[in-house]
$ cat target_37.tsv   # TSV, C-alpha atoms
chain	number	residue	atom	x	y	z
A	21	MET	CA	31.68	-48.88	-21.09
A	22	THR	CA	30.78	-49.47	-24.71
A	23	THR	CA	32.36	-52.00	-27.02
A	24	ARG	CA	31.42	-50.84	-30.51
A	25	ASN	CA	34.06	-51.81	-33.04
A	26	SER	CA	33.26	-48.77	-35.18
A	27	MET	CA	33.60	-45.64	-33.10
A	28	LYS	CA	30.97	-43.01	-33.76
A	29	LEU	CA	32.58	-40.51	-31.47
A	30	ALA	CA	30.98	-42.40	-29.39
A	31	SER	CA	53.70	-35.92	-15.22
A	32	VAL	CA	55.85	-36.14	-14.90
A	33	ILE	CA	54.51	-37.23	-11.55
A	34	GLY	CA	56.93	-40.17	-11.62
A	35	ALA	CA	56.69	-42.20	-8.47
A	36	VAL	CA	53.84	-41.38	-6.15
A	37	CYS	CA	53.86	-37.67	-5.41
A	38	ALA	CA	52.27	-36.17	-2.33
A	39	THR	CA	52.09	-32.62	-3.71
A	40	VAL	CA	48.64	-31.49	-4.79
A	41	LEU	CA	48.79	-29.42	-7.97
A	42	THR	CA	46.60	-26.36	-8.27
A	43	LEU	CA	44.46	-26.71	-11.35
A	44	SER	CA	43.64	-23.56	-13.25
A	45	GLY	CA	39.86	-23.61	-13.53
A	46	PRO	CA	37.49	-21.35	-15.40
A	47	ALA	CA	37.30	-17.76	-14.20
A	48	ALA	CA	33.58	-18.02	-13.61
A	49	HIS	CA	31.05	-20.83	-13.61
A	50	ALA	CA	27.29	-20.62	-13.49
A	51	ALA	CA	24.15	-22.55	-14.29
A	52	ALA	CA	23.23	-20.97	-17.61
A	53	THR	CA	19.80	-19.96	-18.81
A	54	GLY	CA	18.41	-20.98	-22.17
A	55	SER	CA	18.87	-17.46	-23.50
A	56	ASP	CA	22.59	-17.60	-22.78
A	57	HIS	CA	23.29	-20.61	-25.01
A	58	PRO	CA	20.15	-21.32	-27.05
A	59	ASP	CA	21.80	-23.55	-29.65
A	60	THR	CA	23.42	-25.79	-27.07
A	61	LEU	CA	20.21	-25.93	-25.04
A	62	ALA	CA	18.28	-27.03	-28.13
A	63	ALA	CA	20.88	-29.73	-28.86
A	64	LEU	CA	20.79	-30.85	-25.21
A	65	LYS	CA	17.00	-31.14	-25.23
A	66	ALA	CA	17.10	-33.15	-28.44
A	67	PHE	CA	19.70	-35.49	-26.93
A	68	GLN	CA	17.83	-35.89	-23.64
A	69	ALA	CA	14.58	-36.61	-25.44
A	70	ALA	CA	16.23	-39.68	-26.95
A	71	ALA	CA	18.37	-40.60	-23.93
A	72	GLY	CA	17.74	-40.84	-20.18
A	73	PRO	CA	15.42	-39.14	-17.70
A	74	GLY	CA	17.93	-36.30	-17.54
A	75	ALA	CA	21.02	-34.93	-19.23
A	76	ALA	CA	23.44	-32.12	-18.53
A	77	VAL	CA	26.36	-30.44	-20.23
A	78	LEU	CA	29.21	-28.44	-18.71
A	79	ALA	CA	31.10	-26.36	-21.26
A	80	GLY	CA	33.47	-23.43	-21.39
A	81	ASN	CA	36.16	-21.62	-23.31
A	82	GLY	CA	39.00	-21.06	-20.84
A	83	SER	CA	37.68	-17.81	-19.40
A	84	GLU	CA	34.16	-18.87	-18.44
A	85	SER	CA	32.15	-22.03	-18.02
A	86	TRP	CA	28.47	-22.83	-17.80
A	87	THR	CA	26.09	-25.71	-17.16
A	88	LEU	CA	22.80	-26.56	-18.84
A	89	SER	CA	20.43	-29.33	-17.76
A	90	ALA	CA	17.37	-30.95	-19.30
A	91	GLY	CA	15.02	-33.44	-17.67
A	92	THR	CA	15.79	-34.69	-14.19
A	93	GLY	CA	18.51	-36.45	-12.24
A	94	THR	CA	15.84	-38.27	-10.19
A	95	ILE	CA	12.65	-39.66	-11.69
A	96	ASN	CA	9.33	-38.35	-10.37
A	97	ALA	CA	11.06	-35.16	-9.26
A	98	ASN	CA	12.14	-31.88	-10.80
A	99	ARG	CA	15.87	-32.06	-10.04
A	100	PRO	CA	18.19	-30.73	-12.75
A	101	ILE	CA	21.57	-32.46	-12.97
A	102	LYS	CA	24.41	-30.30	-11.65
A	103	ALA	CA	28.07	-30.24	-12.64
A	104	ASP	CA	29.28	-31.09	-9.11
A	105	GLU	CA	27.17	-34.24	-8.69
A	106	HIS	CA	28.85	-37.64	-8.60
A	107	LEU	CA	28.31	-40.11	-11.42
A	108	ARG	CA	29.88	-43.29	-12.72
A	109	ILE	CA	32.14	-42.36	-15.64
A	110	GLY	CA	32.60	-45.77	-17.28
A	111	SER	CA	35.33	-45.87	-19.90
A	112	GLN	CA	36.64	-42.41	-19.13
A	113	THR	CA	38.51	-44.50	-16.53
A	114	LYS	CA	40.66	-45.72	-19.41
A	115	THR	CA	42.39	-42.35	-19.76
A	116	PHE	CA	43.40	-42.46	-16.08
A	117	THR	CA	44.70	-46.01	-16.54
A	118	ALA	CA	46.65	-44.99	-19.63
A	119	VAL	CA	48.23	-42.09	-17.72
A	120	VAL	CA	49.62	-44.46	-15.09
A	121	VAL	CA	51.02	-46.78	-17.76
A	122	LEU	CA	52.74	-43.81	-19.42
A	123	GLN	CA	54.14	-42.71	-16.06
A	124	LEU	CA	55.68	-46.19	-15.76
A	125	VAL	CA	57.15	-45.67	-19.24
A	126	GLU	CA	58.68	-42.39	-18.04
A	127	GLU	CA	60.18	-44.23	-15.07
A	128	GLY	CA	61.84	-46.73	-17.41
A	129	ARG	CA	59.76	-49.62	-16.12
A	130	VAL	CA	57.71	-50.18	-19.29
A	131	ASP	CA	58.59	-50.10	-22.99
A	132	LEU	CA	55.56	-49.22	-25.09
A	133	ASP	CA	56.72	-51.45	-27.92
A	134	ALA	CA	57.62	-54.46	-25.79
A	135	PRO	CA	55.31	-57.50	-25.79
A	136	ILE	CA	52.94	-57.65	-22.87
A	137	ASP	CA	54.27	-61.14	-22.21
A	138	ASP	CA	57.56	-59.56	-21.08
A	139	TYR	CA	55.70	-58.17	-18.06
A	140	LEU	CA	52.81	-60.60	-17.63
A	141	PRO	CA	54.18	-63.93	-18.86
A	142	GLY	CA	51.53	-66.46	-19.73
A	143	VAL	CA	48.57	-64.15	-19.14
A	144	VAL	CA	47.57	-63.38	-22.74
A	145	THR	CA	47.42	-66.95	-24.00
A	146	GLY	CA	44.83	-69.47	-25.10
A	147	ASN	CA	41.88	-69.14	-27.49
A	148	GLY	CA	44.26	-68.05	-30.25
A	149	TYR	CA	46.09	-65.34	-28.27
A	150	ASP	CA	49.86	-64.92	-28.12
A	151	GLY	CA	51.08	-62.27	-25.69
A	152	THR	CA	54.56	-62.40	-27.21
A	153	ARG	CA	53.13	-60.65	-30.31
A	154	ILE	CA	50.90	-58.02	-28.65
A	155	THR	CA	52.61	-54.87	-27.39
A	156	VAL	CA	51.75	-52.50	-24.56
A	157	ARG	CA	51.14	-49.74	-27.12
A	158	GLN	CA	48.67	-51.93	-28.99
A	159	LEU	CA	46.72	-52.61	-25.80
A	160	LEU	CA	46.56	-48.88	-25.06
A	161	GLN	CA	45.34	-48.17	-28.59
A	162	HIS	CA	43.00	-51.17	-29.07
A	163	THR	CA	45.06	-52.46	-31.99
A	164	GLY	CA	46.24	-55.75	-30.49
A	165	GLY	CA	43.48	-57.74	-32.17
A	166	LEU	CA	41.69	-58.62	-28.94
A	167	GLY	CA	38.02	-59.42	-29.31
A	168	ALA	CA	35.46	-57.00	-27.90
A	169	TYR	CA	34.18	-57.80	-24.42
A	170	SER	CA	31.98	-55.87	-22.03
A	171	PRO	CA	30.72	-57.31	-18.75
A	172	SER	CA	27.05	-57.13	-17.90
A	173	PRO	CA	26.10	-57.56	-14.24
A	174	GLY	CA	24.37	-60.89	-13.83
A	175	LEU	CA	24.81	-61.85	-17.48
A	176	LYS	CA	28.30	-61.78	-19.04
A	177	THR	CA	29.96	-61.98	-15.65
A	178	PRO	CA	33.15	-63.86	-14.75
A	179	PRO	CA	33.33	-65.99	-11.59
A	180	SER	CA	33.43	-63.81	-8.50
A	181	ASN	CA	35.38	-64.12	-5.29
A	182	PRO	CA	33.48	-65.39	-2.21
A	183	ASP	CA	32.82	-61.77	-1.14
A	184	GLY	CA	31.30	-60.86	-4.50
A	185	THR	CA	34.30	-58.94	-5.83
A	186	PHE	CA	36.25	-59.81	-8.98
A	187	SER	CA	39.99	-60.25	-9.45
A	188	LEU	CA	41.55	-58.73	-12.56
A	189	SER	CA	43.24	-62.00	-13.48
A	190	THR	CA	39.90	-63.83	-13.45
A	191	VAL	CA	38.20	-61.12	-15.50
A	192	VAL	CA	41.02	-61.19	-18.07
A	193	ARG	CA	40.91	-64.97	-18.39
A	194	TYR	CA	37.12	-64.93	-18.77
A	195	ALA	CA	37.25	-62.16	-21.38
A	196	LEU	CA	39.97	-63.85	-23.45
A	197	ASP	CA	38.07	-67.13	-23.40
A	198	ALA	CA	34.81	-65.37	-24.33
A	199	SER	CA	36.16	-63.45	-27.33
A	200	PRO	CA	38.81	-64.87	-29.68
A	201	PRO	CA	41.15	-62.58	-31.65
A	202	VAL	CA	39.54	-60.54	-34.40
A	203	SER	CA	42.72	-59.61	-36.26
A	204	ALA	CA	46.47	-60.01	-36.18
A	205	PRO	CA	48.20	-57.61	-33.74
A	206	GLY	CA	48.61	-54.16	-35.28
A	207	GLU	CA	46.35	-54.80	-38.27
A	208	GLY	CA	43.04	-53.38	-37.11
A	209	PHE	CA	41.20	-51.37	-34.49
A	210	THR	CA	38.73	-53.10	-32.18
A	211	TYR	CA	37.62	-51.32	-29.03
A	212	SER	CA	37.96	-53.90	-26.25
A	213	ASN	CA	37.72	-53.49	-22.51
A	214	THR	CA	39.97	-56.52	-22.20
A	215	ASP	CA	42.92	-54.36	-23.29
A	216	TYR	CA	42.49	-52.17	-20.24
A	217	TYR	CA	41.88	-55.03	-17.83
A	218	ILE	CA	45.26	-56.37	-18.90
A	219	LEU	CA	46.81	-52.92	-18.45
A	220	GLY	CA	45.35	-52.89	-14.93
A	221	MET	CA	47.19	-56.13	-14.25
A	222	LEU	CA	50.36	-54.54	-15.63
A	223	ILE	CA	50.00	-51.60	-13.24
A	224	GLU	CA	49.44	-53.90	-10.29
A	225	LYS	CA	52.44	-56.05	-11.20
A	226	LEU	CA	54.87	-53.13	-11.55
A	227	THR	CA	53.65	-50.88	-8.73
A	228	GLY	CA	52.86	-53.60	-6.18
A	229	GLN	CA	49.55	-51.81	-5.53
A	230	PRO	CA	45.94	-52.56	-6.39
A	231	VAL	CA	45.11	-50.56	-9.49
A	232	HIS	CA	42.59	-48.37	-7.66
A	233	LYS	CA	45.32	-47.25	-5.24
A	234	ALA	CA	47.87	-46.67	-7.98
A	235	VAL	CA	45.49	-44.42	-9.94
A	236	THR	CA	44.43	-42.61	-6.78
A	237	GLU	CA	47.95	-41.91	-5.54
A	238	ARG	CA	49.52	-41.15	-8.92
A	239	VAL	CA	46.75	-39.14	-10.59
A	240	ILE	CA	43.69	-38.24	-8.53
A	241	GLU	CA	45.44	-37.00	-5.38
A	242	PRO	CA	48.32	-35.11	-7.05
A	243	LEU	CA	45.83	-33.24	-9.24
A	244	GLY	CA	43.56	-32.47	-6.31
A	245	LEU	CA	40.38	-33.77	-7.92
A	246	PRO	CA	38.10	-33.54	-4.87
A	247	HIS	CA	35.12	-35.50	-6.19
A	248	THR	CA	36.91	-38.22	-8.17
A	249	ARG	CA	37.25	-41.74	-6.82
A	250	PHE	CA	38.47	-45.10	-8.02
A	251	PRO	CA	36.46	-47.26	-5.62
A	252	ALA	CA	38.07	-50.26	-4.02
A	253	PRO	CA	36.61	-53.72	-4.70
A	254	GLY	CA	33.52	-54.12	-2.56
A	255	ASP	CA	32.74	-50.40	-2.35
A	256	ARG	CA	29.47	-49.96	-4.22
A	257	THR	CA	28.61	-46.56	-2.73
A	258	LEU	CA	28.07	-43.49	-4.88
A	259	PRO	CA	28.88	-40.37	-2.85
A	260	THR	CA	26.31	-37.61	-2.49
A	261	PRO	CA	25.25	-35.44	-4.13
A	262	ALA	CA	24.79	-37.90	-6.96
A	263	VAL	CA	23.11	-38.31	-10.31
A	264	ASN	CA	20.83	-41.33	-10.04
A	265	GLY	CA	21.30	-43.88	-12.80
A	266	TYR	CA	18.51	-45.82	-14.49
A	267	HIS	CA	17.69	-48.58	-16.92
A	268	GLY	CA	14.88	-48.03	-19.35
A	269	VAL	CA	13.55	-47.77	-22.85
A	270	ARG	CA	11.86	-45.13	-24.97
A	271	VAL	CA	9.28	-45.86	-27.65
A	272	GLY	CA	8.29	-42.52	-29.09
A	273	PRO	CA	6.84	-40.45	-26.26
A	274	VAL	CA	6.48	-43.49	-23.98
A	275	TYR	CA	9.27	-44.42	-21.59
A	276	VAL	CA	9.84	-46.65	-18.57
A	277	TRP	CA	12.64	-46.14	-16.04
A	278	THR	CA	13.87	-48.41	-13.24
A	279	PRO	CA	16.89	-47.85	-10.95
A	280	ALA	CA	20.16	-49.13	-12.39
A	281	VAL	CA	21.36	-52.45	-11.05
A	282	SER	CA	23.96	-52.36	-8.30
A	283	TYR	CA	27.29	-53.98	-9.17
A	284	ASP	CA	30.73	-54.32	-7.69
A	285	PRO	CA	33.17	-51.80	-9.19
A	286	SER	CA	35.84	-54.48	-9.60
A	287	LEU	CA	33.70	-55.91	-12.41
A	288	TYR	CA	34.79	-52.90	-14.49
A	289	SER	CA	38.04	-52.03	-12.66
A	290	SER	CA	40.73	-50.36	-14.80
A	291	ALA	CA	38.43	-50.33	-17.82
A	292	GLY	CA	35.50	-48.47	-16.28
A	293	ALA	CA	35.06	-48.38	-12.49
A	294	MET	CA	35.68	-44.74	-11.60
A	295	ILE	CA	33.37	-42.08	-10.15
A	296	SER	CA	33.70	-38.36	-10.82
A	297	THR	CA	31.78	-35.17	-11.69
A	298	LEU	CA	31.52	-33.12	-14.84
A	299	GLU	CA	33.64	-30.44	-13.14
A	300	ASP	CA	36.42	-32.84	-12.12
A	301	LEU	CA	36.49	-34.56	-15.50
A	302	SER	CA	36.88	-31.24	-17.29
A	303	ALA	CA	39.68	-30.27	-14.89
A	304	PHE	CA	41.47	-33.60	-15.42
A	305	TYR	CA	41.55	-33.42	-19.21
A	306	GLN	CA	42.52	-29.74	-19.10
A	307	ALA	CA	45.42	-30.59	-16.77
A	308	LEU	CA	46.45	-33.32	-19.19
A	309	ASP	CA	46.40	-30.84	-22.09
A	310	ASP	CA	48.39	-28.32	-20.05
A	311	GLY	CA	51.25	-30.74	-19.35
A	312	LYS	CA	50.49	-31.08	-15.64
A	313	VAL	CA	50.08	-34.85	-15.77
A	314	LEU	CA	52.67	-36.25	-18.18
A	315	SER	CA	55.86	-35.12	-19.89
A	316	ALA	CA	55.64	-33.52	-23.32
A	317	LYS	CA	57.00	-36.72	-24.88
A	318	SER	CA	54.43	-38.93	-23.18
A	319	LEU	CA	51.60	-36.56	-24.06
A	320	ALA	CA	52.70	-36.64	-27.69
A	321	GLU	CA	52.61	-40.45	-27.61
A	322	MET	CA	49.15	-40.33	-26.08
A	323	ARG	CA	47.93	-37.98	-28.81
A	324	THR	CA	49.31	-40.02	-31.71
A	325	VAL	CA	46.12	-41.51	-33.09
A	326	ARG	CA	44.96	-44.25	-35.35
A	327	GLN	CA	42.19	-42.88	-37.54
A	328	VAL	CA	38.94	-44.70	-36.89
A	329	SER	CA	36.56	-42.73	-39.11
A	330	THR	CA	36.61	-39.53	-41.12
A	331	ASP	CA	36.78	-37.22	-38.12
A	332	THR	CA	37.53	-39.50	-35.15
A	333	GLY	CA	40.66	-41.27	-33.99
A	334	TYR	CA	42.06	-43.15	-31.01
A	335	GLY	CA	45.43	-42.55	-29.38
A	336	LEU	CA	46.75	-44.11	-26.17
A	337	GLY	CA	43.66	-43.87	-23.99
A	338	LEU	CA	42.42	-40.75	-25.78
A	339	GLN	CA	39.70	-40.37	-28.39
A	340	THR	CA	39.91	-37.50	-30.83
A	341	TYR	CA	37.16	-35.66	-32.67
A	342	GLU	CA	37.37	-32.90	-35.26
A	343	PRO	CA	34.49	-30.47	-34.62
A	344	SER	CA	32.80	-28.62	-37.45
A	345	CYS	CA	34.44	-25.31	-36.44
A	346	GLY	CA	37.96	-26.73	-36.80
A	347	GLY	CA	40.69	-27.94	-34.50
A	348	THR	CA	40.96	-31.21	-32.60
A	349	ALA	CA	39.07	-32.14	-29.45
A	350	ARG	CA	40.44	-34.90	-27.22
A	351	GLY	CA	38.94	-36.90	-24.39
A	352	HIS	CA	36.93	-40.07	-23.89
A	353	SER	CA	33.42	-41.46	-23.75
A	354	GLY	CA	32.06	-43.75	-21.09
A	355	GLY	CA	29.10	-45.99	-20.44
A	356	VAL	CA	28.15	-48.32	-17.58
A	357	PRO	CA	24.73	-49.35	-16.27
A	358	GLY	CA	22.86	-46.13	-15.51
A	359	TYR	CA	25.22	-43.63	-17.12
A	360	GLU	CA	26.60	-42.42	-20.42
A	361	THR	CA	29.29	-39.73	-20.36
A	362	PHE	CA	31.67	-37.88	-22.66
A	363	THR	CA	34.37	-35.26	-22.06
A	364	LEU	CA	36.35	-33.40	-24.72
A	365	THR	CA	38.91	-30.59	-24.41
A	366	MET	CA	40.76	-28.45	-26.95
A	367	ASP	CA	44.14	-26.73	-26.80
A	368	ASP	CA	42.54	-23.28	-27.12
A	369	GLY	CA	40.62	-23.78	-23.87
A	370	ARG	CA	37.28	-24.97	-25.18
A	371	TYR	CA	35.80	-28.01	-23.47
A	372	VAL	CA	32.59	-29.95	-22.97
A	373	SER	CA	31.57	-32.68	-20.53
A	374	LEU	CA	28.16	-34.32	-20.56
A	375	VAL	CA	26.10	-37.03	-18.93
A	376	THR	CA	22.76	-38.72	-19.32
A	377	ASN	CA	21.51	-41.03	-16.59
A	378	VAL	CA	20.82	-44.13	-18.64
A	379	LEU	CA	23.01	-46.32	-20.83
A	380	VAL	CA	21.01	-46.56	-24.03
A	381	GLN	CA	21.37	-50.00	-25.61
A	382	VAL	CA	18.68	-49.90	-28.31
A	383	GLY	CA	18.09	-46.97	-30.64
A	384	ARG	CA	21.17	-45.14	-29.46
A	385	PRO	CA	21.04	-41.33	-29.89
A	386	ASP	CA	24.51	-41.14	-31.44
A	387	ALA	CA	23.54	-38.38	-33.90
A	388	GLN	CA	22.06	-36.25	-31.12
A	389	LEU	CA	25.10	-36.85	-28.92
A	390	ARG	CA	27.43	-35.79	-31.68
A	391	GLN	CA	25.37	-32.68	-32.38
A	392	LEU	CA	25.42	-31.71	-28.72
A	393	LEU	CA	29.19	-32.07	-28.41
A	394	ASP	CA	29.76	-30.14	-31.63
A	395	THR	CA	27.36	-27.33	-30.74
A	396	ALA	CA	28.80	-26.84	-27.25
A	397	LEU	CA	32.34	-26.65	-28.65
A	398	CYS	CA	31.51	-24.48	-31.65
A	399	GLU	CA	28.65	-22.16	-30.72
A	400	ASP	CA	30.89	-19.11	-30.25
A	401	ALA	CA	33.93	-20.21	-32.25
A	402	THR	CA	33.50	-17.50	-34.90
A	403	ARG	CA	33.32	-14.74	-32.32
A	404	ARG	CA	36.35	-16.14	-30.50
A	405	ASP	CA	38.45	-16.47	-33.64

$ encode --input "target_37.tsv" --output "structure tokens"
Amino acid sequence: MTTRNSMKLASVIGAVCATVLTLSGPAAHAAATGSDHPDTLAALKAFQAAAGPGAAVLAGNGSESWTLSAGTGTINANRPIKADEHLRIGSQTKTFTAVVVLQLVEEGRVDLDAPIDDYLPGVVTGNGYDGTRITVRQLLQHTGGLGAYSPSPGLKTPPSNPDGTFSLSTVVRYALDASPPVSAPGEGFTYSNTDYYILGMLIEKLTGQPVHKAVTERVIEPLGLPHTRFPAPGDRTLPTPAVNGYHGVRVGPVYVWTPAVSYDPSLYSSAGAMISTLEDLSAFYQALDDGKVLSAKSLAEMRTVRQVSTDTGYGLGLQTYEPSCGGTARGHSGGVPGYETFTLTMDDGRYVSLVTNVLVQVGRPDAQLRQLLDTALCEDATRRD
């Protein structure tokens, strides 16, 4: 769950619906060989060599999909990462949170341009903040002027409950006190997890449910995402099969890996607590693109972006990227201890979802990540067009 101010790429379901939608998946999926996708494999190897012990990419074009892996999902073993293995998705959680907020908009319970103080009076106050001037839309788009904050287990950690879990209200108060405003509301873009903690509180207030239940019942279950979970506070388990996450550093050819620290998911909550697989993440964003999650009006709101750099933008819980072969790819990145992820989909059916099993903090391989995403999306674009 990264907090870089400058992004480097880094359904109408309405009320809770019990019907499980059938997602249209790729016609065929296989673990690819290097000869099938040599350019993407080369980009993956270059990324993995600067990232974690292992990395994998799932990509496709609407009619077929394929997986490539480099390195290992478990140190001291030869175990390629697979597309159906569970992993912690970090800030890709934000897109799920944004979907629920937009469902509440569709139900007439939230106005995107109303101040957050209308719904959570007195919450966004102190340390220079004024919730009467910050709108729901601005929180969704990181334009409310909130300072960047990212928790770190054992370091930048708010006070916990006696059982070791964290309440959203406590996390929000801690984050606001830790990071004063960086701009007036609406004037700038600053990626801040605090925005999505507050939106989690909004969901809990209006649905009367813990945010993990609201997301599960409104998004995960209706879409039939079998390997996606928003764990409840206190549930630290990672279902099997799983990609093992690590901490570590690389200095040239030398590297050291240790298992990622265990933490309570409520520390990241609506900003980054979820678990999924590369397959499920691809299916979720494809369903979103296909209008199976939100109304056309809400999807258009979600896709209305603020430009962040030359070829990247941020909408309402969606990042956008313009690949070298043209078009617009939409999705989200994510990073929590042990994992860095990214999923992008395009309206013509192309998509890519990737993971490496370390969150790189120093010497980040942003250029290699970007090259991998671009190559996977564009390697056969000429032939397709």

$ residues_around --input "target_37.tsv" --residues "A:Gln381" --least-positions-apart "2" --cutoff "12 Å" --atoms "all atoms listed in the file" --output "ChimeraX atom specification"
/A:21-24,70-72,172,267-270,355-360,378-379,383-386

$ residues_around --input "target_37.tsv" --residues "A:Thr60" --least-positions-apart "3" --cutoff "7 Å" --atoms "all atoms listed in the file" --output "list in words"
His57, Ala63, Leu64, Leu392, Thr395 and Ala396 of chain A

$ closest_residue --input "target_37.tsv" --among "A:Leu188, A:Asp300, A:Gly265, A:Ser111" --to "A:Ile95" --atoms "only C-alpha atoms"
A:Gly265

$ residues_around --input "target_37.tsv" --residues "A:Leu222" --least-positions-apart "2" --cutoff "10 Å" --atoms "all atoms listed in the file" --output "ChimeraX atom specification"
/A:121,124,130,136,139-140,156,216-220,224-228,231

$ write_last_selection --input "target_37.tsv" --atoms "C-alpha atoms" --output "short mmCIF file (atom, residue, chain, number, x, y, z; two decimals), in the coordinates of the input"
data_model
loop_
_atom_site.label_atom_id
_atom_site.label_comp_id
_atom_site.auth_asym_id
_atom_site.auth_seq_id
_atom_site.Cartn_x
_atom_site.Cartn_y
_atom_site.Cartn_z
CA VAL A 121 51.02 -46.78 -17.76
CA LEU A 124 55.68 -46.19 -15.76
CA VAL A 130 57.71 -50.18 -19.29
CA ILE A 136 52.94 -57.65 -22.87
CA TYR A 139 55.70 -58.17 -18.06
CA LEU A 140 52.81 -60.60 -17.63
CA VAL A 156 51.75 -52.50 -24.56
CA TYR A 216 42.49 -52.17 -20.24
CA TYR A 217 41.88 -55.03 -17.83
CA ILE A 218 45.26 -56.37 -18.90
CA LEU A 219 46.81 -52.92 -18.45
CA GLY A 220 45.35 -52.89 -14.93
CA GLU A 224 49.44 -53.90 -10.29
CA LYS A 225 52.44 -56.05 -11.20
CA LEU A 226 54.87 -53.13 -11.55
CA THR A 227 53.65 -50.88 -8.73
CA GLY A 228 52.86 -53.60 -6.18
CA VAL A 231 45.11 -50.56 -9.49
#

$ residues_around --input "target_37.tsv" --residues "A:His247" --least-positions-apart "6" --cutoff "10 Å" --atoms "all atoms listed in the file" --output "list in words"
Asp104, Glu105, His106, Leu107, Ile240, Pro259, Thr260, Ile295, Ser296, Thr297, Leu298, Glu299, Asp300 and Leu301 of chain A

$ residues_near_point --input "target_37.tsv" --point "(39.2, -63.4, -22.5)" --cutoff "9 Å" --atoms "only C-alpha atoms" --output "compact mmCIF listing (two decimals) with C-alpha atoms, in the frame of the given file"
# COMPACT_ATOMS: atom_id res chain seq x y z
CA VAL A 144 47.57 -63.38 -22.74
CA GLY A 146 44.83 -69.47 -25.10
CA ASN A 147 41.88 -69.14 -27.49
CA LEU A 166 41.69 -58.62 -28.94
CA GLY A 167 38.02 -59.42 -29.31
CA TYR A 169 34.18 -57.80 -24.42
CA VAL A 191 38.20 -61.12 -15.50
CA VAL A 192 41.02 -61.19 -18.07
CA ARG A 193 40.91 -64.97 -18.39
CA TYR A 194 37.12 -64.93 -18.77
CA ALA A 195 37.25 -62.16 -21.38
CA LEU A 196 39.97 -63.85 -23.45
CA ASP A 197 38.07 -67.13 -23.40
CA ALA A 198 34.81 -65.37 -24.33
CA SER A 199 36.16 -63.45 -27.33
CA PRO A 200 38.81 -64.87 -29.68
CA THR A 214 39.97 -56.52 -22.20

$ atom_distance --input "target_37.tsv" --atom1 "atom CA of A:Arg108" --atom2 "atom CA of A:Met294"
6.1 Å

$ atom_distance --input "target_37.tsv" --atom1 "atom CA of A:Ser170" --atom2 "atom CA of A:Ser318"
28.1 Å

$ closest_residue --input "target_37.tsv" --among "A:Thr113, A:Ser286, A:Ser85, A:Asn264" --to "A:Phe304" --atoms "all atoms listed in the file"
A:Thr113

$ atom_distance --input "target_37.tsv" --atom1 "atom CA of A:Val375" --atom2 "atom CA of A:Ala76"
5.6 Å

$ closest_residue --input "target_37.tsv" --among "A:Pro242, A:Pro261, A:Leu389, A:Gly184" --to "A:Arg99" --atoms "all atoms listed in the file"
A:Pro261

$ closest_residue --input "target_37.tsv" --among "A:Leu258, A:Gly206, A:Gly292, A:Ser302" --to "A:Leu245" --atoms "only C-alpha atoms"
A:Ser302

$ axis_aligned_box --input "target_37.tsv" --around "stretch 108-123 of chain A" --padding-each-side "3 Å" --output "JSON"
{"center_x": 42.0, "center_y": -44.4, "center_z": -16.3, "size_x": 30.3, "size_y": 10.7, "size_z": 13.2}

$ residues_around --input "target_37.tsv" --residues "stretch 325-337 of chain A" --least-positions-apart "2" --cutoff "6 Å" --atoms "all atoms listed in the file" --output "tab-separated table (two decimals) with C-alpha atoms, keeping the file's coordinate frame"
chain	number	residue	atom	x	y	z
A	114	LYS	CA	40.66	-45.72	-19.41
A	115	THR	CA	42.39	-42.35	-19.76
A	118	ALA	CA	46.65	-44.99	-19.63
A	160	LEU	CA	46.56	-48.88	-25.06
A	161	GLN	CA	45.34	-48.17	-28.59
A	322	MET	CA	49.15	-40.33	-26.08
A	323	ARG	CA	47.93	-37.98	-28.81
A	339	GLN	CA	39.70	-40.37	-28.39
A	340	THR	CA	39.91	-37.50	-30.83
A	341	TYR	CA	37.16	-35.66	-32.67
A	342	GLU	CA	37.37	-32.90	-35.26

$ closest_residue --input "target_37.tsv" --among "A:Thr185, A:Ala401, A:Ala303, A:Ser89" --to "A:Cys345" --atoms "only C-alpha atoms"
A:Ala401
